[in-house]
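Peer 1: Here you go, final-v4.cif (mmCIF, C-alpha atoms):
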```cif
data_model
loop_
_atom_site.label_atom_id
_atom_site.label_comp_id
_atom_site.auth_asym_id
_atom_site.auth_seq_id
_atom_site.Cartn_x
_atom_site.Cartn_y
_atom_site.Cartn_z
CA MET M 1 141.83 100.57 38.83
CA ILE M 2 138.38 101.12 40.42
CA ASP M 3 137.93 104.25 42.46
CA TYR M 4 135.61 102.96 45.22
CA CYS M 5 134.97 106.38 46.66
CA ASP M 6 133.79 107.68 43.29
CA TYR M 7 131.69 104.49 42.82
CA TRP M 8 129.99 105.06 46.23
CA ARG M 9 129.17 108.68 45.45
CA GLN M 10 127.56 107.68 42.17
CA ASN M 11 125.46 104.82 43.58
CA ARG M 12 124.71 105.88 47.17
CA LYS M 13 121.01 106.41 46.41
CA LEU M 14 120.78 102.81 45.26
CA PHE M 15 122.55 101.56 48.41
CA THR M 16 120.28 103.68 50.59
CA PHE M 17 117.16 102.34 48.87
CA CYS M 18 118.33 98.75 49.20
CA TRP M 19 119.51 98.81 52.81
CA LYS M 20 117.05 101.10 54.59
CA PRO M 21 114.04 98.79 54.28
CA ASN M 22 116.07 95.93 55.72
CA LEU M 23 117.16 98.06 58.66
CA LEU M 24 113.58 99.21 59.27
CA SER M 25 112.29 95.68 58.96
CA THR M 26 114.84 94.40 61.42
CA GLY M 27 113.94 97.11 63.94
CA SER M 28 110.24 96.37 63.54
CA GLN M 29 110.80 92.66 64.10
CA ARG M 30 112.82 93.39 67.23
CA GLY M 31 110.01 95.64 68.51
CA GLN M 32 107.38 92.98 67.85
CA ARG M 33 109.47 90.31 69.58
CA ARG M 34 109.97 92.62 72.56
CA LYS M 35 106.23 93.33 72.67
CA ARG M 36 105.43 89.62 72.55
CA ARG M 37 107.87 88.91 75.40
CA VAL M 38 106.25 91.65 77.51
CA GLN M 39 102.78 90.27 76.79
CA GLU M 40 103.86 86.72 77.59
CA ASN M 41 105.40 87.82 80.90
CA ARG M 42 102.22 89.71 81.73
CA ARG M 43 100.05 86.68 81.01
CA ARG M 44 102.36 84.47 83.05
CA ASN M 45 102.16 86.84 86.03
CA ASP M 46 98.38 87.09 85.70
CA ARG M 47 98.01 83.31 85.70
CA ARG M 48 100.24 83.09 88.76
CA ASP M 49 98.21 85.68 90.65
CA GLY M 50 94.84 84.36 89.48
CA HIS M 51 93.86 87.68 87.89
CA ARG M 52 94.18 87.21 84.16
CA GLU M 53 93.41 90.39 82.28
CA VAL M 54 91.73 90.33 78.90
CA GLU M 55 93.76 92.47 76.49
CA ALA M 56 94.24 95.28 78.94
CA HIS M 57 96.60 97.21 76.63
CA GLN M 58 93.84 97.43 74.01
CA ALA M 59 91.15 98.55 76.45
CA GLY M 60 92.74 101.83 77.42
CA GLY M 61 94.03 100.52 80.73
CA ARG M 62 90.65 99.07 81.79
CA SER M 63 90.74 95.41 82.79
CA ALA M 64 88.05 92.77 83.25
CA PHE M 65 88.63 89.88 85.57
CA VAL M 66 87.39 86.54 84.39
CA GLY M 67 84.58 85.21 86.66
CA MET M 68 84.53 88.35 88.84
CA LYS M 69 82.28 90.75 86.99
CA ILE M 70 80.05 92.71 89.36
CA GLU M 71 76.87 94.21 88.00
CA PHE M 72 76.08 97.37 89.95
CA ALA M 73 72.61 98.87 90.20
CA PRO M 74 72.14 101.97 88.02
CA LEU M 75 71.96 105.38 89.66
CA ASN M 76 68.73 106.44 87.97
CA ILE M 77 66.47 103.91 89.68
CA PRO M 78 62.91 105.19 90.26
CA LEU M 79 62.06 106.21 93.82
CA ARG M 80 59.38 103.52 94.14
CA ARG M 81 61.97 100.79 93.54
CA ARG M 82 64.31 102.31 96.10
CA LEU M 83 61.47 102.28 98.62
CA GLN M 84 60.77 98.63 97.79
CA THR M 85 64.42 97.75 98.37
CA ALA M 86 64.45 99.65 101.67
CA ALA M 87 61.28 97.86 102.83
CA VAL M 88 62.73 94.42 102.11
CA LEU M 89 66.07 95.41 103.66
CA GLN M 90 64.42 96.26 106.97
CA TRP M 91 62.46 92.98 106.82
CA VAL M 92 65.64 90.95 106.27
CA PHE M 93 67.30 92.85 109.13
CA SER M 94 64.29 92.17 111.37
CA PHE M 95 64.44 88.48 110.53
CA LEU M 96 68.19 88.04 110.97
CA ALA M 97 69.40 90.61 113.49
CA LEU M 98 66.61 92.55 115.20
CA ALA M 99 66.17 90.00 117.99
CA GLN M 100 69.87 90.18 118.87
CA CYS M 101 69.75 93.98 118.84
CA CYS M 102 66.68 94.04 121.10
CA LEU M 103 68.32 91.67 123.58
CA ALA M 104 71.53 93.71 123.62
CA GLY M 105 69.55 96.93 124.06
CA PHE M 106 67.64 95.48 126.99
CA VAL M 107 70.86 94.35 128.69
CA LEU M 108 72.48 97.76 128.19
CA LEU M 109 69.35 99.44 129.55
CA ALA M 110 69.46 97.22 132.64
CA LEU M 111 73.11 98.18 133.23
CA SER M 112 72.57 101.90 132.76
CA ASP M 113 71.08 104.61 134.96
CA TRP M 114 67.70 103.73 133.42
CA TRP M 115 67.70 100.29 135.03
CA THR M 116 64.30 100.97 136.58
CA VAL M 117 62.75 101.03 133.09
CA ALA M 118 64.28 97.62 132.39
CA LEU M 119 62.94 96.38 135.73
CA LEU M 120 59.43 97.58 134.93
CA TYR M 121 59.56 95.90 131.51
CA ALA M 122 60.80 92.68 133.13
CA GLY M 123 57.73 92.76 135.38
CA TRP M 124 55.50 93.32 132.37
CA LEU M 125 57.24 90.44 130.58
CA TRP M 126 56.50 88.13 133.48
CA LEU M 127 52.81 89.09 133.48
CA ASP M 128 52.55 88.84 129.69
CA TRP M 129 54.55 85.62 129.33
CA ASP M 130 51.63 83.45 128.13
CA THR M 131 50.24 85.89 125.56
CA PRO M 132 52.08 84.30 122.57
CA THR M 133 50.32 81.01 123.34
CA CYS M 134 46.91 82.63 123.84
CA GLY M 135 46.26 84.24 120.49
CA GLY M 136 48.97 86.88 120.64
CA ARG M 137 48.37 90.62 120.43
CA ARG M 138 47.63 91.73 116.88
CA SER M 139 47.76 95.36 115.83
CA GLN M 140 45.75 96.29 112.76
CA TRP M 141 47.70 99.54 112.62
CA VAL M 142 51.05 97.73 112.33
CA ARG M 143 49.66 95.26 109.81
CA SER M 144 48.48 98.17 107.64
CA TRP M 145 51.75 100.11 107.53
CA SER M 146 52.54 101.42 104.04
CA VAL M 147 55.99 99.85 104.27
CA TRP M 148 54.34 96.48 103.69
CA ASP M 149 52.93 97.72 100.38
CA HIS M 150 56.48 98.41 99.21
CA PHE M 151 57.52 95.03 100.58
CA ARG M 152 54.77 93.36 98.54
CA ASP M 153 55.69 95.18 95.32
CA TYR M 154 59.38 94.26 95.55
CA PHE M 155 58.77 90.65 94.53
CA PRO M 156 55.73 91.10 93.97
CA ILE M 157 53.54 88.95 96.26
CA SER M 158 49.94 88.01 95.48
CA LEU M 159 47.31 86.04 97.41
CA VAL M 160 45.03 83.83 95.31
CA LYS M 161 41.67 82.63 96.63
CA THR M 162 40.09 79.47 95.19
CA ALA M 163 37.13 79.00 97.56
CA ASP M 164 35.08 80.87 100.15
CA LEU M 165 35.72 80.14 103.82
CA ASP M 166 33.00 80.25 106.47
CA PRO M 167 34.00 82.81 109.15
CA ARG M 168 32.14 80.77 111.77
CA LYS M 169 34.74 77.99 111.48
CA ASN M 170 38.35 77.73 112.58
CA TYR M 171 41.01 76.73 110.06
CA ILE M 172 44.52 75.38 109.88
CA PHE M 173 46.38 76.58 106.79
CA GLY M 174 49.21 74.22 105.83
CA PHE M 175 51.75 76.52 104.14
CA HIS M 176 54.16 74.96 101.60
CA PRO M 177 57.04 75.23 100.93
CA HIS M 178 58.83 76.78 103.90
CA GLY M 179 61.46 78.55 101.79
CA VAL M 180 64.44 80.24 103.42
CA LEU M 181 62.74 83.20 105.16
CA VAL M 182 59.03 82.38 104.62
CA ALA M 183 58.50 85.63 102.70
CA GLY M 184 55.15 84.61 101.19
CA ALA M 185 53.65 83.60 104.52
CA PHE M 186 54.75 86.83 106.17
CA GLY M 187 53.57 89.12 103.38
CA ASN M 188 50.17 87.45 103.05
CA PHE M 189 49.27 86.55 106.62
CA CYS M 190 51.18 89.04 108.82
CA THR M 191 50.28 92.16 106.85
CA GLU M 192 47.29 93.51 104.97
CA ALA M 193 49.38 94.30 101.88
CA THR M 194 47.77 91.53 99.79
CA GLY M 195 44.26 92.07 101.18
CA PHE M 196 43.72 89.00 103.35
CA SER M 197 40.86 90.58 105.33
CA GLY M 198 39.13 91.60 102.11
CA LEU M 199 39.47 88.18 100.48
CA PHE M 200 38.44 86.29 103.62
CA PRO M 201 36.12 88.57 105.61
CA GLY M 202 35.58 87.65 109.24
CA LEU M 203 38.81 85.66 109.51
CA LYS M 204 41.97 86.56 111.47
CA SER M 205 45.26 85.05 110.37
CA HIS M 206 48.00 83.99 112.81
CA LEU M 207 51.37 82.77 111.57
CA LEU M 208 52.98 80.27 113.95
CA MET M 209 56.64 80.85 114.82
CA LEU M 210 59.18 79.01 116.97
CA PRO M 211 58.57 79.67 120.73
CA PHE M 212 62.21 80.69 121.20
CA TRP M 213 61.67 84.09 119.55
CA PHE M 214 58.90 85.06 121.99
CA ARG M 215 61.36 84.98 124.88
CA VAL M 216 63.40 87.88 123.49
CA PRO M 217 62.48 91.21 125.16
CA LEU M 218 60.92 93.89 122.94
CA PHE M 219 61.27 91.73 119.83
CA ARG M 220 58.38 89.54 120.98
CA ASP M 221 56.05 92.53 121.15
CA TYR M 222 56.97 93.64 117.65
CA ILE M 223 56.36 90.26 116.01
CA MET M 224 53.12 89.69 117.93
CA SER M 225 51.77 92.97 116.53
CA GLY M 226 51.82 91.41 113.07
CA GLY M 227 49.84 88.38 114.19
CA LEU M 228 52.65 85.93 114.90
CA VAL M 229 52.12 83.47 117.74
CA SER M 230 54.02 80.58 119.26
CA SER M 231 54.07 77.31 117.35
CA CYS M 232 53.76 75.15 120.46
CA LYS M 233 50.90 72.69 120.80
CA SER M 234 48.98 74.75 123.37
CA SER M 235 49.09 77.83 121.12
CA LEU M 236 47.60 76.01 118.13
CA SER M 237 44.97 74.36 120.33
CA TYR M 238 43.96 77.76 121.73
CA LEU M 239 43.38 79.23 118.27
CA VAL M 240 41.39 76.39 116.73
CA SER M 241 39.29 75.68 119.82
CA ARG M 242 37.61 79.12 120.00
CA PRO M 243 33.83 78.48 119.84
CA GLU M 244 33.15 81.76 118.01
CA GLY M 245 35.36 80.68 115.10
CA GLY M 246 37.08 83.06 112.70
CA ASN M 247 40.67 82.04 113.51
CA VAL M 248 43.21 80.90 110.93
CA ALA M 249 46.40 79.23 112.18
CA VAL M 250 49.05 79.27 109.45
CA ILE M 251 51.70 76.57 109.82
CA ALA M 252 54.82 76.20 107.66
CA VAL M 253 54.50 72.43 107.89
CA GLY M 254 58.02 71.60 106.67
CA GLY M 255 59.52 73.67 109.46
CA ALA M 256 63.15 74.57 109.88
CA PRO M 257 64.53 71.34 108.33
CA GLU M 258 62.78 72.08 105.03
CA ALA M 259 64.58 75.43 104.83
CA LEU M 260 67.83 73.52 104.32
CA ASP M 261 66.49 72.23 100.98
CA ALA M 262 65.08 75.58 99.82
CA ARG M 263 66.71 76.54 96.50
CA PRO M 264 65.45 77.46 93.02
CA GLY M 265 63.49 74.65 91.42
CA ALA M 266 63.15 72.59 94.62
CA LEU M 267 59.79 70.82 95.04
CA LYS M 268 60.70 68.55 97.96
CA LEU M 269 58.37 68.85 100.97
CA GLN M 270 59.00 67.39 104.42
CA ILE M 271 55.51 66.28 105.33
CA LEU M 272 55.23 62.49 105.49
CA ASN M 273 56.04 62.44 109.21
CA ARG M 274 54.37 65.76 110.03
CA LYS M 275 51.05 64.68 111.52
CA GLY M 276 50.73 66.72 114.72
CA PHE M 277 48.61 69.39 113.02
CA ILE M 278 46.38 66.63 111.61
CA LYS M 279 45.76 65.25 115.09
CA LEU M 280 44.90 68.69 116.50
CA ALA M 281 42.57 69.38 113.57
CA LEU M 282 40.67 66.18 114.39
CA LYS M 283 40.64 66.87 118.10
CA HIS M 284 39.16 70.37 117.72
CA GLY M 285 37.23 69.95 114.46
CA ALA M 286 39.26 72.61 112.65
CA HIS M 287 39.08 72.50 108.85
CA LEU M 288 42.30 71.96 106.95
CA VAL M 289 43.30 74.16 104.01
CA PRO M 290 46.36 73.36 101.85
CA VAL M 291 48.30 76.44 100.72
CA PHE M 292 51.06 76.40 98.10
CA SER M 293 53.28 79.41 97.53
CA PHE M 294 54.64 79.34 93.98
CA GLY M 295 58.01 81.08 93.77
CA GLU M 296 58.87 80.76 97.46
CA ASN M 297 61.99 78.71 96.77
CA GLU M 298 63.18 80.99 93.96
CA LEU M 299 64.20 83.88 96.22
CA PHE M 300 67.62 82.63 97.38
CA ASP M 301 70.45 80.39 96.29
CA GLN M 302 71.98 78.10 98.86
CA MET M 303 75.31 76.35 99.25
CA GLU M 304 75.21 72.73 98.18
CA ASN M 305 74.42 70.59 101.22
CA PRO M 306 73.26 67.14 100.10
CA THR M 307 72.17 64.65 102.71
CA GLY M 308 75.20 62.99 104.24
CA SER M 309 77.62 65.81 103.49
CA SER M 310 79.67 67.31 106.30
CA LEU M 311 77.89 70.66 105.94
CA ARG M 312 74.43 69.07 106.15
CA THR M 313 75.47 66.98 109.15
CA LEU M 314 76.63 70.14 110.94
CA GLN M 315 73.41 71.98 110.01
CA ASP M 316 71.26 69.11 111.27
CA ARG M 317 73.21 69.00 114.52
CA LEU M 318 72.82 72.74 115.09
CA GLN M 319 69.13 72.54 114.24
CA SER M 320 68.56 69.77 116.77
CA ILE M 321 70.39 71.75 119.48
CA MET M 322 69.14 75.29 118.80
CA GLY M 323 65.77 74.53 117.22
CA VAL M 324 66.43 76.86 114.28
CA ALA M 325 67.86 76.04 110.86
CA MET M 326 71.10 77.63 109.64
CA PRO M 327 70.89 77.63 105.82
CA LEU M 328 73.89 79.25 104.11
CA PHE M 329 71.93 81.28 101.60
CA HIS M 330 72.77 84.19 99.33
CA ALA M 331 71.17 86.17 96.52
CA ARG M 332 71.79 89.84 95.63
CA GLY M 333 72.88 92.98 97.42
CA VAL M 334 71.44 96.44 97.88
CA PHE M 335 73.68 98.22 95.36
CA GLN M 336 74.72 95.30 93.16
CA TYR M 337 73.11 92.15 91.79
CA ASN M 338 75.76 89.46 92.26
CA PHE M 339 75.90 88.61 95.96
CA GLY M 340 74.28 89.51 99.27
CA LEU M 341 71.40 88.59 101.56
CA MET M 342 68.66 90.48 99.74
CA PRO M 343 66.18 88.15 97.98
CA TYR M 344 65.85 88.12 94.22
CA ARG M 345 62.96 90.03 92.67
CA LYS M 346 60.95 86.91 91.85
CA PRO M 347 57.12 86.84 91.94
CA ILE M 348 55.41 84.90 94.74
CA HIS M 349 51.89 83.59 94.13
CA THR M 350 50.35 82.10 97.27
CA VAL M 351 47.35 79.96 96.34
CA VAL M 352 44.85 79.08 99.09
CA GLY M 353 43.13 75.79 98.31
CA LYS M 354 39.70 74.44 99.12
CA PRO M 355 38.92 73.55 102.75
CA ILE M 356 38.88 69.94 103.89
CA SER M 357 35.97 69.30 106.24
CA VAL M 358 37.02 67.66 109.50
CA VAL M 359 34.69 65.94 111.91
CA GLN M 360 35.64 66.59 115.52
CA THR M 361 37.03 63.50 117.25
CA ALA M 362 37.95 63.90 120.90
CA SER M 363 40.40 61.00 120.85
CA PRO M 364 41.50 60.38 117.24
CA SER M 365 42.99 56.96 116.52
CA SER M 366 46.05 56.31 114.40
CA GLU M 367 43.78 55.21 111.57
CA ASP M 368 41.86 58.49 111.75
CA ILE M 369 45.08 60.48 111.60
CA GLU M 370 46.52 58.45 108.71
CA SER M 371 43.28 58.72 106.75
CA LEU M 372 43.02 62.50 107.10
CA HIS M 373 46.72 62.89 106.40
CA SER M 374 46.30 61.02 103.11
CA VAL M 375 43.36 63.22 102.16
CA TYR M 376 45.43 66.31 102.91
CA LEU M 377 48.34 65.11 100.77
CA GLN M 378 45.96 64.38 97.92
CA SER M 379 44.39 67.85 98.17
CA LEU M 380 47.82 69.49 98.26
CA THR M 381 48.91 67.55 95.19
CA GLU M 382 45.77 68.52 93.28
CA LEU M 383 46.24 72.18 94.24
CA PHE M 384 49.78 72.13 92.87
CA GLU M 385 48.93 70.27 89.67
CA GLN M 386 45.95 72.50 88.88
CA ASN M 387 47.95 75.71 89.20
CA LYS M 388 51.52 74.87 88.18
CA HIS M 389 50.99 75.75 84.50
CA THR M 390 49.69 79.20 85.45
CA TYR M 391 52.82 80.01 87.44
CA GLY M 392 55.50 78.67 85.12
CA ILE M 393 56.11 75.15 86.44
CA GLU M 394 56.90 72.62 83.70
CA GLU M 395 54.54 69.74 82.98
CA ASP M 396 57.00 67.05 84.10
CA LYS M 397 57.60 68.67 87.50
CA HIS M 398 55.77 67.19 90.49
CA LEU M 399 55.84 67.45 94.26
CA SER M 400 58.05 65.08 96.19
CA PHE M 401 57.07 64.14 99.76
CA ILE M 402 59.68 62.99 102.27
#
```
Could you write out this file's structure as structure tokens?

Peer 2:
Amino acid sequence: MIDYCDYWRQNRKLFTFCWKPNLLSTGSQRGQRRKRRVQENRRRNDRRDGHREVEAHQAGGRSAFVGMKIEFAPLNIPLRRRLQTAAVLQWVFSFLALAQCCLAGFVLLALSDWWTVALLYAGWLWLDWDTPTCGGRRSQWVRSWSVWDHFRDYFPISLVKTADLDPRKNYIFGFHPHGVLVAGAFGNFCTEATGFSGLFPGLKSHLLMLPFWFRVPLFRDYIMSGGLVSSCKSSLSYLVSRPEGGNVAVIAVGGAPEALDARPGALKLQILNRKGFIKLALKHGAHLVPVFSFGENELFDQMENPTGSSLRTLQDRLQSIMGVAMPLFHARGVFQYNFGLMPYRKPIHTVVGKPISVVQTASPSSEDIESLHSVYLQSLTELFEQNKHTYGIEEDKHLSFI
């Protein structure tokens, strides 16, 4: 008869060797299955919440969200770049919000104990009401502020001269494209940062702006100091009719509607029906100069708004009512590079073309206007084609006129 207890004592090492690995293997399999279930539940929850983590348990608790990676600016940025960012930030603020702040400040001043100051300014405003249409009130001191040098270097902006201009003549610069915030036109023609007075001695530049902005207290005085004037017909006529010459009226020909098409790579210009400046050039004998600003449309992205879409219809309606365009643009921020209202650091090269001689015609006919308009379009096209290779435009890219 077999003594099982004695048999177990003699062979227990063998039993232990045979059974332990199986027990360990079974426990390991259970642990792996449990781990897989936990991971599957985690992935299911992440998909439900829209925040799927990429192997968070292997990254030491750090998680990256798909499609939501924010690239922050480094802390060790040189001081000169910080100054450039600050200069552009104040410019964007001036363009988007300074007018509203000035108006609110004036109203608060009128309602405070200092209402007499507001009353005195209102009297001055009434006396000075026509100044924006009579050449404005430029300040060489404001145009030469060092902040504009930092503004220029942010992009950077450069002004390219292709021909000499006689300071005894008056000129109309047709600026293209409008872009979102007309950064190239402001930097080149409202400041001395790019050396306009040195490149074109004897000439004074005036950038034309919507008349609405010159009705805002305090803000109007600030923008006039840079050389901005009203874009109404009488303002342009005043500049180009001066017998002593030396005036340059800079017009963003595409106007507010063209800003709605301003996005990287866009070469569509609204100009086919823009002939008012052609008529005034003929009437006053002002020479026409095409100007193309390479890189102007590369500064901002814009929400898709094709013609006929509900967004574009709303934007066109607001533009017709208010007179100003409302592009929904975005680019980078101050402390990060993914979103915000700060423009991208893209170079802007503003090329001033050769002047088109205009014979003064007191009463230009439709044929005269059409003929000069065709010459202008041809000169603008040649200016673009001759310089596009230099500034990174591909050979198969051409201007489109609408």

Peer 1: Mind dumping a table of every region 262-323 of chain M residue within 7 Å of region 160-174 of chain M, with the nearest atom pair and its distance in Å to one decimal, using all atoms listed in the file, sorted by chain and rising number, as a tab-separated table?

Peer 2:
```
residue	atom	partner	partner_atom	distance
M:Ala286	CA	M:Tyr171	CA	5.2
M:His287	CA	M:Tyr171	CA	4.8
M:Leu288	CA	M:Ile172	CA	5.0
M:Val289	CA	M:Phe173	CA	4.8
M:Pro290	CA	M:Gly174	CA	5.0
M:Val291	CA	M:Gly174	CA	5.6
```

Peer 1: Kindly give the distance, in Å, that separates CA of Asn387 (chain M) and CA of Gly198 (chain M), rounded to a single decimal.

Peer 2: 22.3 Å

Peer 1: Selected by the PyMOL selection byres ((chain M and resi 202) around 6) in the shown coordinates: which residues, as a count of residues only?

Peer 2: 4

Peer 1: With distances taken over all atoms listed in the file, which of M:Leu260, M:Val334, M:Leu282, M:Leu383 is nearest to Leu311 (chain M)?

Peer 2: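 Checking each candidate against Leu311 (chain M), we get M:Leu260 as the closest.
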
Peer 1: Residues picked by the PyMOL selection byres ((chain M and resi 189-191) around 8) here, as a PyMOL selection string?

Peer 2: chain M and resi 142-144+148+185-188+192-194+196+205-207+226-228+250

Peer 1: I need the chosen residues saved as a CSV table (one decimal), keeping the file's coordinate frame, with C-alpha atoms.

Peer 2:
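Output file again-v6.csv follows:
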```csv
chain,number,residue,atom,x,y,z
M,142,VAL,CA,51.0,97.7,112.3
M,143,ARG,CA,49.7,95.3,109.8
M,144,SER,CA,48.5,98.2,107.6
M,148,TRP,CA,54.3,96.5,103.7
M,185,ALA,CA,53.6,83.6,104.5
M,186,PHE,CA,54.8,86.8,106.2
M,187,GLY,CA,53.6,89.1,103.4
M,188,ASN,CA,50.2,87.4,103.0
M,192,GLU,CA,47.3,93.5,105.0
M,193,ALA,CA,49.4,94.3,101.9
M,194,THR,CA,47.8,91.5,99.8
M,196,PHE,CA,43.7,89.0,103.4
M,205,SER,CA,45.3,85.0,110.4
M,206,HIS,CA,48.0,84.0,112.8
M,207,LEU,CA,51.4,82.8,111.6
M,226,GLY,CA,51.8,91.4,113.1
M,227,GLY,CA,49.8,88.4,114.2
M,228,LEU,CA,52.6,85.9,114.9
M,250,VAL,CA,49.0,79.3,109.4
```

Peer 1: Could you tell me how far CA of Leu399 (chain M) lies from CA of Lys268 (chain M), in Å and to one decimal?

Peer 2: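 Atom-to-atom, CA of Leu399 (chain M) to CA of Lys268 (chain M), that is 6.2 Å.
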
Peer 1: Could you tell me, as a list of chain:residue names, exactly which residues end up selected when the PyMOL selection byres ((chain M and resi 210) around 10) is applied to this structure?

Peer 2: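 Selection result, ordered by chain and number: M:Leu208, M:Met209, M:Pro211, M:Phe212, M:Trp213, M:Phe214, M:Leu228, M:Val229, M:Ser230, M:Ser231, M:Cys232, M:Gly255, M:Ala256, M:Gly323, M:Val324.
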
Peer 1: Rank M:Gly265, M:Pro132, M:Gly353, M:Gly254 by their smallest atom-to-atom distance to Thr381 (chain M), using all atoms listed in the file, and report the top residue only.

Peer 2: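 So, comparing all the options, the nearest one is M:Gly353.
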
Peer 1: Could you jot down the CA of Ala99 (chain M) to CA of Ser310 (chain M) separation for me, Å, one decimal place?

Peer 2: 28.9 Å

Peer 1: So, counting all atoms listed in the file, which residue among M:Tyr337, M:Leu181, M:Gln100, M:Gly276 is closest to Ala325 (chain M)?

Peer 2: M:Leu181

Peer 1: Render region 335-376 of chain M from the structure in the preceding block as a file of C-alpha atoms, as an mmCIF file, in the first residue's frame.

Peer 2:
```cif
data_model
loop_
_atom_site.group_PDB
_atom_site.id
_atom_site.type_symbol
_atom_site.label_atom_id
_atom_site.label_comp_id
_atom_site.auth_asym_id
_atom_site.auth_seq_id
_atom_site.Cartn_x
_atom_site.Cartn_y
_atom_site.Cartn_z
ATOM 1 C CA PHE M 335 3.500 84.669 -25.784
ATOM 2 C CA GLN M 336 2.658 81.771 -28.101
ATOM 3 C CA TYR M 337 2.707 81.107 -31.828
ATOM 4 C CA ASN M 338 -0.573 79.290 -32.497
ATOM 5 C CA PHE M 339 -3.375 81.849 -32.301
ATOM 6 C CA GLY M 340 -3.973 85.543 -31.694
ATOM 7 C CA LEU M 341 -4.212 88.887 -33.480
ATOM 8 C CA MET M 342 -0.492 89.573 -33.809
ATOM 9 C CA PRO M 343 0.747 89.300 -37.420
ATOM 10 C CA TYR M 344 3.208 86.640 -38.457
ATOM 11 C CA ARG M 345 6.862 87.632 -38.787
ATOM 12 C CA LYS M 346 6.827 87.632 -42.592
ATOM 13 C CA PRO M 347 8.938 90.055 -44.669
ATOM 14 C CA ILE M 348 7.159 92.853 -46.549
ATOM 15 C CA HIS M 349 8.850 94.302 -49.631
ATOM 16 C CA THR M 350 7.009 97.348 -50.975
ATOM 17 C CA VAL M 351 8.148 98.076 -54.528
ATOM 18 C CA VAL M 352 7.424 101.538 -55.969
ATOM 19 C CA GLY M 353 7.098 101.358 -59.746
ATOM 20 C CA LYS M 354 7.853 103.830 -62.502
ATOM 21 C CA PRO M 355 5.599 106.887 -62.839
ATOM 22 C CA ILE M 356 2.963 107.063 -65.552
ATOM 23 C CA SER M 357 2.858 110.530 -67.103
ATOM 24 C CA VAL M 358 -0.626 112.033 -67.159
ATOM 25 C CA VAL M 359 -1.689 114.965 -69.275
ATOM 26 C CA GLN M 360 -4.084 117.249 -67.430
ATOM 27 C CA THR M 361 -7.616 117.097 -68.821
ATOM 28 C CA ALA M 362 -10.165 119.385 -67.195
ATOM 29 C CA SER M 363 -13.127 117.258 -68.260
ATOM 30 C CA PRO M 364 -11.890 113.714 -68.983
ATOM 31 C CA SER M 365 -14.169 111.567 -71.131
ATOM 32 C CA SER M 366 -14.990 107.925 -70.496
ATOM 33 C CA GLU M 367 -12.553 106.964 -73.233
ATOM 34 C CA ASP M 368 -9.771 108.939 -71.548
ATOM 35 C CA ILE M 369 -10.457 107.225 -68.234
ATOM 36 C CA GLU M 370 -10.625 103.737 -69.763
ATOM 37 C CA SER M 371 -7.416 104.297 -71.708
ATOM 38 C CA LEU M 372 -5.422 105.476 -68.693
ATOM 39 C CA HIS M 373 -6.916 102.733 -66.549
ATOM 40 C CA SER M 374 -5.685 100.121 -69.037
ATOM 41 C CA VAL M 375 -2.215 101.651 -69.023
ATOM 42 C CA TYR M 376 -2.192 101.556 -65.226
#
```
